[in-house]
Amino acid sequence: MKTRIVNLSLNEERRMLFLADIHGNYKLFDKLLKKLNFNQNDYLFVLGDMIEKSDANLATLDYFMKLNKKDNVYLLCGNCDNVLSYMIKDVDDSRLKYYALGLKHTILLEFASRLGLTIDESSNMEELCHLFYAKFKKYYDFVLNLPHAYIINNKLCAVHGGISSLKNIPANALDLMKNDDFYEQDVSPELIEIVGHYPVINYEHKIPSLNPIIDLNKKIISIDGGMSVIPWSQLNVLILDSLSSNHFHYDYLDYYSKVRVKKAEKNQNDDLYNVTHKPKEIEILEDCGDFCLVAFKNHRLYAPKENIIRKDNKEFVYNAFNYFIDLKENDIVSLVYKGMPLSIVKKEGILGLCHTCNLEVLDDR
């Protein structure tokens with residue numbers, strides 16, 4: 001797909017909101033807009049990946065097609081939205097069967113379900129995709145005609161993955177939609193780039209954080225909170241009060257229940273490390289109830305047993321850390337994972353371990 005970049009000239013005194021990587025969580029997205037009192041005086045940018053990794057893809061697209069009719073809303077196509085481009089011509093049978101049968105949460109399956117069809121190894125994906133395109137063309141037309149980046153008043157660049165240089169923009173849109181590790185690349189953007197695509201927790205090698213990374217010195221702001229991608233996540237919104245102020249801050253929502261801290265805890269570990277994103281080979285040191293104490297690169301980490309996989313007589317883990325979060329008595333925190341004797345909680349967007357006996361479930365009645 002050929003790269004499409006749109007230049008915008010907007011009122012610099014109006015508030016701007018930036019979100020990315022909704023991945024079907026449009027109800028939480030809508031709740032977050034209401035929390036922020038989004039209105040016609042704001043600008044709203046959605047930086048792609050509205051769908052996939054979800055079972056609510058069509059409802060999500062219906063929501064954004066309606067939202068996109070507002071003249072203060074600007075949507076981008078992300079690499080996950082771009083899956084529709086693989087379903088028109090030159091259909092790759094094995095690739096699409098991997099999406100449908102391997103990933104399981106994809107718009108492919110929703111198309112089939114709407115038509116009362118099933119997809120299995122014997123399915124003819126080319127015939128199915130021709131049928132899907134005929135029946136659901138409005139979704140293809142909407143998604144595949146979205147731009148891939150916005151240049152805002154020649155001060156900001158909003159893009160899904162990242163553009164290494166505006167002086168040498170890739171002709172293939174996928175190169176700037178699927179640009180992993182953008183914040184850690186050796187790049188010097190000409191404008192402040194606001195990106196999604198890569199969950200920010202993947203950059204944290206010590207304390208696991210889901211909050212946006214705002215680095216104005218490097219001119220990169222990364223905002224993906226990992227919705228539907230990682231075991232624990234939040235939907236972030238980056239807020240720019242006005243272009244003239246250049247004041248960025250953020251807010252977020254998640255699905256987690258709240259608990260009260262009955263007894264204060266304090267982190268005593270200086271050797272902090274966080275493993276996330278891709279499975280890492282580890283050695284299991286000790287069984288700790290619902291967790292295991294594991295060794296990785298001379299670090300001792302705690303991993304929920306459900307995050308440990310065994311392959312070829314070796315153990316691997318994704319998502320493990322050793323940060324015991326600082327908690328004060330009567331703090332109200334999000335309960336991300338309840339185990340024994342430890343749990344994982346979230347305080348102000350930061351994940352950490354604590355002792356389950358020190359938590360009290362709040363009465364929601």
# chains A, B, ... in the order shown; residues from 1 in each chain; ligands from 1

$ residues_around --residues "Leu96 in chain A" --least-positions-apart "2" --cutoff "9 Å" --atoms "only C-alpha atoms" --output "count of residues only"
12

$ residues_around --residues "Glu193 in chain A" --least-positions-apart "4" --cutoff "9 Å" --atoms "only C-alpha atoms" --output "list in words"
Leu156, Cys157, Ala158, Val159, Gly162, Ile163, Pro189, Lys219, Ile220, Ile221 and Ser222 of chain A

$ write_last_selection --atoms "all heavy atoms" --output "short mmCIF file (atom, residue, chain, number, x, y, z; two decimals), in the first residue's frame"
data_model
loop_
_atom_site.label_atom_id
_atom_site.label_comp_id
_atom_site.auth_asym_id
_atom_site.auth_seq_id
_atom_site.Cartn_x
_atom_site.Cartn_y
_atom_site.Cartn_z
N LEU A 156 4.02 18.69 14.79
CA LEU A 156 3.83 17.33 15.27
C LEU A 156 3.64 16.38 14.10
O LEU A 156 3.08 16.76 13.06
CB LEU A 156 2.59 17.22 16.18
CG LEU A 156 2.49 18.11 17.41
CD1 LEU A 156 1.14 17.87 18.08
CD2 LEU A 156 3.62 17.83 18.38
N CYS A 157 4.06 15.15 14.30
CA CYS A 157 3.77 14.08 13.35
C CYS A 157 3.05 12.98 14.12
O CYS A 157 3.59 12.44 15.09
CB CYS A 157 5.05 13.55 12.71
SG CYS A 157 4.78 12.11 11.64
N ALA A 158 1.83 12.65 13.71
CA ALA A 158 1.07 11.56 14.31
C ALA A 158 1.11 10.38 13.35
O ALA A 158 0.70 10.50 12.20
CB ALA A 158 -0.37 12.00 14.57
N VAL A 159 1.62 9.24 13.82
CA VAL A 159 1.82 8.08 12.95
C VAL A 159 1.70 6.82 13.81
O VAL A 159 1.98 6.86 15.01
CB VAL A 159 3.19 8.16 12.24
CG1 VAL A 159 4.33 8.24 13.24
CG2 VAL A 159 3.39 7.02 11.26
N GLY A 162 5.99 4.86 13.33
CA GLY A 162 7.09 5.82 13.41
C GLY A 162 7.72 6.04 12.05
O GLY A 162 7.77 5.14 11.21
N ILE A 163 8.20 7.26 11.83
CA ILE A 163 8.89 7.62 10.59
C ILE A 163 10.31 8.04 10.97
O ILE A 163 10.50 9.01 11.71
CB ILE A 163 8.17 8.77 9.85
CG1 ILE A 163 6.72 8.38 9.55
CG2 ILE A 163 8.91 9.11 8.56
CD1 ILE A 163 5.91 9.51 8.90
N PRO A 189 14.03 12.43 14.95
CA PRO A 189 12.90 13.00 14.20
C PRO A 189 12.98 14.52 14.08
O PRO A 189 13.42 15.21 15.00
CB PRO A 189 11.69 12.59 15.04
CG PRO A 189 12.15 11.40 15.83
CD PRO A 189 13.58 11.67 16.12
N LYS A 219 12.20 13.84 20.93
CA LYS A 219 11.08 14.15 20.04
C LYS A 219 10.25 12.90 19.71
O LYS A 219 9.78 12.75 18.58
CB LYS A 219 11.56 14.83 18.75
CG LYS A 219 12.18 16.21 18.97
CD LYS A 219 12.51 16.86 17.64
CE LYS A 219 13.06 18.26 17.85
NZ LYS A 219 13.41 18.92 16.57
N ILE A 220 10.08 12.03 20.69
CA ILE A 220 9.24 10.85 20.51
C ILE A 220 8.32 10.70 21.72
O ILE A 220 8.76 10.78 22.87
CB ILE A 220 10.08 9.56 20.35
CG1 ILE A 220 10.91 9.62 19.07
CG2 ILE A 220 9.17 8.33 20.33
CD1 ILE A 220 11.84 8.42 18.89
N ILE A 221 7.02 10.50 21.44
CA ILE A 221 6.04 10.19 22.48
C ILE A 221 5.37 8.89 22.09
O ILE A 221 4.76 8.79 21.02
CB ILE A 221 5.00 11.31 22.63
CG1 ILE A 221 5.68 12.65 22.95
CG2 ILE A 221 3.98 10.95 23.70
CD1 ILE A 221 4.71 13.82 23.03
N SER A 222 5.50 7.88 22.94
CA SER A 222 4.96 6.55 22.66
C SER A 222 3.80 6.29 23.61
O SER A 222 3.96 6.43 24.83
CB SER A 222 6.06 5.50 22.83
OG SER A 222 5.62 4.23 22.43
#

$ atom_distance --atom1 "CA of Val73 in chain A" --atom2 "CA of Phe18 in chain A"
10.3 Å

$ select_by_dssp --residues "range 2-132 of chain A" --states "strand (DSSP E or B)" --output "ChimeraX atom specification"
/A:2,5-8,16-19,43-46,73-75

$ write_last_selection --atoms "N, CA, C and O atoms" --output "PDB file, in the first residue's frame"
ATOM      1  N   LYS A   2       0.541   2.183  -0.852  1.00  0.00           N
ATOM      2  CA  LYS A   2       1.326   3.413  -0.965  1.00  0.00           C
ATOM      3  C   LYS A   2       1.066   4.339   0.222  1.00  0.00           C
ATOM      4  O   LYS A   2      -0.070   4.545   0.644  1.00  0.00           O
ATOM      5  N   ILE A   5       0.243  10.655   3.435  1.00  0.00           N
ATOM      6  CA  ILE A   5       0.462  11.583   4.545  1.00  0.00           C
ATOM      7  C   ILE A   5      -0.353  12.841   4.297  1.00  0.00           C
ATOM      8  O   ILE A   5      -0.347  13.391   3.190  1.00  0.00           O
ATOM      9  N   VAL A   6      -1.061  13.289   5.326  1.00  0.00           N
ATOM     10  CA  VAL A   6      -1.925  14.463   5.216  1.00  0.00           C
ATOM     11  C   VAL A   6      -1.351  15.579   6.085  1.00  0.00           C
ATOM     12  O   VAL A   6      -1.050  15.376   7.266  1.00  0.00           O
ATOM     13  N   ASN A   7      -1.198  16.754   5.499  1.00  0.00           N
ATOM     14  CA  ASN A   7      -0.762  17.939   6.243  1.00  0.00           C
ATOM     15  C   ASN A   7      -1.973  18.704   6.746  1.00  0.00           C
ATOM     16  O   ASN A   7      -2.908  18.977   5.974  1.00  0.00           O
ATOM     17  N   LEU A   8      -1.962  19.048   8.027  1.00  0.00           N
ATOM     18  CA  LEU A   8      -3.077  19.761   8.638  1.00  0.00           C
ATOM     19  C   LEU A   8      -2.621  21.115   9.166  1.00  0.00           C
ATOM     20  O   LEU A   8      -1.500  21.261   9.655  1.00  0.00           O
ATOM     21  N   MET A  16      -5.872  18.933  22.065  1.00  0.00           N
ATOM     22  CA  MET A  16      -5.715  17.785  21.179  1.00  0.00           C
ATOM     23  C   MET A  16      -5.599  16.516  22.016  1.00  0.00           C
ATOM     24  O   MET A  16      -4.848  16.474  22.993  1.00  0.00           O
ATOM     25  N   LEU A  17      -6.335  15.477  21.617  1.00  0.00           N
ATOM     26  CA  LEU A  17      -6.308  14.175  22.276  1.00  0.00           C
ATOM     27  C   LEU A  17      -5.775  13.136  21.298  1.00  0.00           C
ATOM     28  O   LEU A  17      -6.198  13.103  20.136  1.00  0.00           O
ATOM     29  N   PHE A  18      -4.870  12.290  21.766  1.00  0.00           N
ATOM     30  CA  PHE A  18      -4.270  11.261  20.924  1.00  0.00           C
ATOM     31  C   PHE A  18      -4.430   9.900  21.600  1.00  0.00           C
ATOM     32  O   PHE A  18      -4.035   9.716  22.754  1.00  0.00           O
ATOM     33  N   LEU A  19      -5.003   8.952  20.866  1.00  0.00           N
ATOM     34  CA  LEU A  19      -5.130   7.577  21.347  1.00  0.00           C
ATOM     35  C   LEU A  19      -4.682   6.628  20.247  1.00  0.00           C
ATOM     36  O   LEU A  19      -4.685   6.989  19.066  1.00  0.00           O
ATOM     37  N   TYR A  43      -9.635  18.513  19.266  1.00  0.00           N
ATOM     38  CA  TYR A  43      -9.236  17.681  18.140  1.00  0.00           C
ATOM     39  C   TYR A  43      -8.933  16.289  18.682  1.00  0.00           C
ATOM     40  O   TYR A  43      -8.271  16.144  19.709  1.00  0.00           O
ATOM     41  N   LEU A  44      -9.397  15.281  17.968  1.00  0.00           N
ATOM     42  CA  LEU A  44      -9.169  13.902  18.376  1.00  0.00           C
ATOM     43  C   LEU A  44      -8.420  13.152  17.278  1.00  0.00           C
ATOM     44  O   LEU A  44      -8.843  13.152  16.109  1.00  0.00           O
ATOM     45  N   PHE A  45      -7.311  12.524  17.659  1.00  0.00           N
ATOM     46  CA  PHE A  45      -6.510  11.722  16.737  1.00  0.00           C
ATOM     47  C   PHE A  45      -6.462  10.281  17.236  1.00  0.00           C
ATOM     48  O   PHE A  45      -6.128  10.023  18.395  1.00  0.00           O
ATOM     49  N   VAL A  46      -6.800   9.356  16.357  1.00  0.00           N
ATOM     50  CA  VAL A  46      -6.713   7.930  16.668  1.00  0.00           C
ATOM     51  C   VAL A  46      -5.669   7.332  15.735  1.00  0.00           C
ATOM     52  O   VAL A  46      -5.860   7.315  14.514  1.00  0.00           O
ATOM     53  N   VAL A  73     -12.250  15.031  14.033  1.00  0.00           N
ATOM     54  CA  VAL A  73     -11.727  13.693  14.301  1.00  0.00           C
ATOM     55  C   VAL A  73     -10.841  13.249  13.146  1.00  0.00           C
ATOM     56  O   VAL A  73     -11.226  13.373  11.974  1.00  0.00           O
ATOM     57  N   TYR A  74      -9.667  12.716  13.492  1.00  0.00           N
ATOM     58  CA  TYR A  74      -8.690  12.308  12.477  1.00  0.00           C
ATOM     59  C   TYR A  74      -8.205  10.890  12.804  1.00  0.00           C
ATOM     60  O   TYR A  74      -7.599  10.658  13.850  1.00  0.00           O
ATOM     61  N   LEU A  75      -8.485   9.966  11.911  1.00  0.00           N
ATOM     62  CA  LEU A  75      -8.125   8.566  12.105  1.00  0.00           C
ATOM     63  C   LEU A  75      -6.990   8.165  11.173  1.00  0.00           C
ATOM     64  O   LEU A  75      -6.872   8.676  10.061  1.00  0.00           O
TER      65      LEU A  75
END

$ select_by_dssp --residues "range 162-294 of chain A" --states "alpha helix (DSSP H)" --output "ChimeraX atom specification"
/A:174-177

$ write_last_selection --atoms "C-alpha atoms" --output "compact mmCIF listing (two decimals), in the first residue's frame"
# COMPACT_ATOMS: atom_id res chain seq x y z
CA LEU A 174 3.66 -0.83 6.14
CA ASP A 175 7.18 0.44 6.88
CA LEU A 176 5.80 3.28 8.99
CA MET A 177 2.79 1.39 10.35

$ closest_residue --among "A:Arg300, A:His277, A:Lys167, A:Lys338" --to "Val200 in chain A" --atoms "only C-alpha atoms"
A:His277

$ residues_around --residues "Leu32 in chain A" --least-positions-apart "4" --cutoff "7 Å" --atoms "only C-alpha atoms" --output "PDB file with N, CA, C and O atoms, in the first residue's frame"
ATOM      1  N   LEU A  28     -14.532   1.031  26.047  1.00  0.00           N
ATOM      2  CA  LEU A  28     -13.614   1.696  26.978  1.00  0.00           C
ATOM      3  C   LEU A  28     -13.121   3.011  26.381  1.00  0.00           C
ATOM      4  O   LEU A  28     -12.974   4.012  27.091  1.00  0.00           O
ATOM      5  N   LEU A  36     -13.054  12.635  29.691  1.00  0.00           N
ATOM      6  CA  LEU A  36     -12.304  13.838  29.329  1.00  0.00           C
ATOM      7  C   LEU A  36     -13.200  14.956  28.807  1.00  0.00           C
ATOM      8  O   LEU A  36     -12.709  16.023  28.431  1.00  0.00           O
ATOM      9  N   LEU A 253      -7.743   4.634  31.237  1.00  0.00           N
ATOM     10  CA  LEU A 253      -8.755   3.796  31.863  1.00  0.00           C
ATOM     11  C   LEU A 253      -8.352   2.333  31.668  1.00  0.00           C
ATOM     12  O   LEU A 253      -7.613   1.998  30.728  1.00  0.00           O
TER      13      LEU A 253
END

$ residues_around --residues "Asp181 in chain A" --least-positions-apart "5" --cutoff "9 Å" --atoms "only C-alpha atoms" --output "short mmCIF file (atom, residue, chain, number, x, y, z; two decimals) with C-alpha atoms, in the first residue's frame"
data_model
loop_
_atom_site.label_atom_id
_atom_site.label_comp_id
_atom_site.auth_asym_id
_atom_site.auth_seq_id
_atom_site.Cartn_x
_atom_site.Cartn_y
_atom_site.Cartn_z
CA GLY A 161 4.60 3.04 14.12
CA TYR A 198 4.57 -0.93 20.33
CA ASN A 202 8.21 -3.36 26.25
CA TYR A 203 10.66 -0.49 26.78
#

$ residues_around --residues "range 244-246 of chain A" --least-positions-apart "3" --cutoff "9 Å" --atoms "only C-alpha atoms" --output "JSON, numbers by chain"
{"A": [12, 13, 240, 241]}

$ write_last_selection --atoms "all heavy atoms" --output "short mmCIF file (atom, residue, chain, number, x, y, z; two decimals), in the first residue's frame"
data_model
loop_
_atom_site.label_atom_id
_atom_site.label_comp_id
_atom_site.auth_asym_id
_atom_site.auth_seq_id
_atom_site.Cartn_x
_atom_site.Cartn_y
_atom_site.Cartn_z
N GLU A 12 -4.23 26.39 16.98
CA GLU A 12 -3.21 26.02 17.95
C GLU A 12 -3.64 26.20 19.40
O GLU A 12 -2.93 25.79 20.32
CB GLU A 12 -1.91 26.78 17.68
CG GLU A 12 -1.31 26.47 16.32
CD GLU A 12 0.18 26.78 16.25
OE1 GLU A 12 0.73 27.28 17.26
OE2 GLU A 12 0.79 26.50 15.21
N GLU A 13 -4.79 26.81 19.62
CA GLU A 13 -5.26 27.03 20.99
C GLU A 13 -6.24 25.96 21.45
O GLU A 13 -6.67 25.98 22.60
CB GLU A 13 -5.91 28.41 21.10
CG GLU A 13 -4.96 29.57 20.77
CD GLU A 13 -3.66 29.50 21.56
OE1 GLU A 13 -3.72 29.23 22.78
OE2 GLU A 13 -2.59 29.70 20.96
N LEU A 240 -2.72 17.17 24.81
CA LEU A 240 -1.95 18.39 24.55
C LEU A 240 -2.90 19.56 24.76
O LEU A 240 -3.87 19.73 24.01
CB LEU A 240 -1.39 18.39 23.12
CG LEU A 240 -0.66 19.65 22.67
CD1 LEU A 240 0.54 19.94 23.57
CD2 LEU A 240 -0.21 19.53 21.22
N ASP A 241 -2.65 20.34 25.80
CA ASP A 241 -3.57 21.42 26.13
C ASP A 241 -3.72 22.40 24.98
O ASP A 241 -4.81 22.89 24.70
CB ASP A 241 -3.10 22.15 27.39
CG ASP A 241 -3.21 21.27 28.62
OD1 ASP A 241 -4.08 20.38 28.64
OD2 ASP A 241 -2.43 21.46 29.56
#
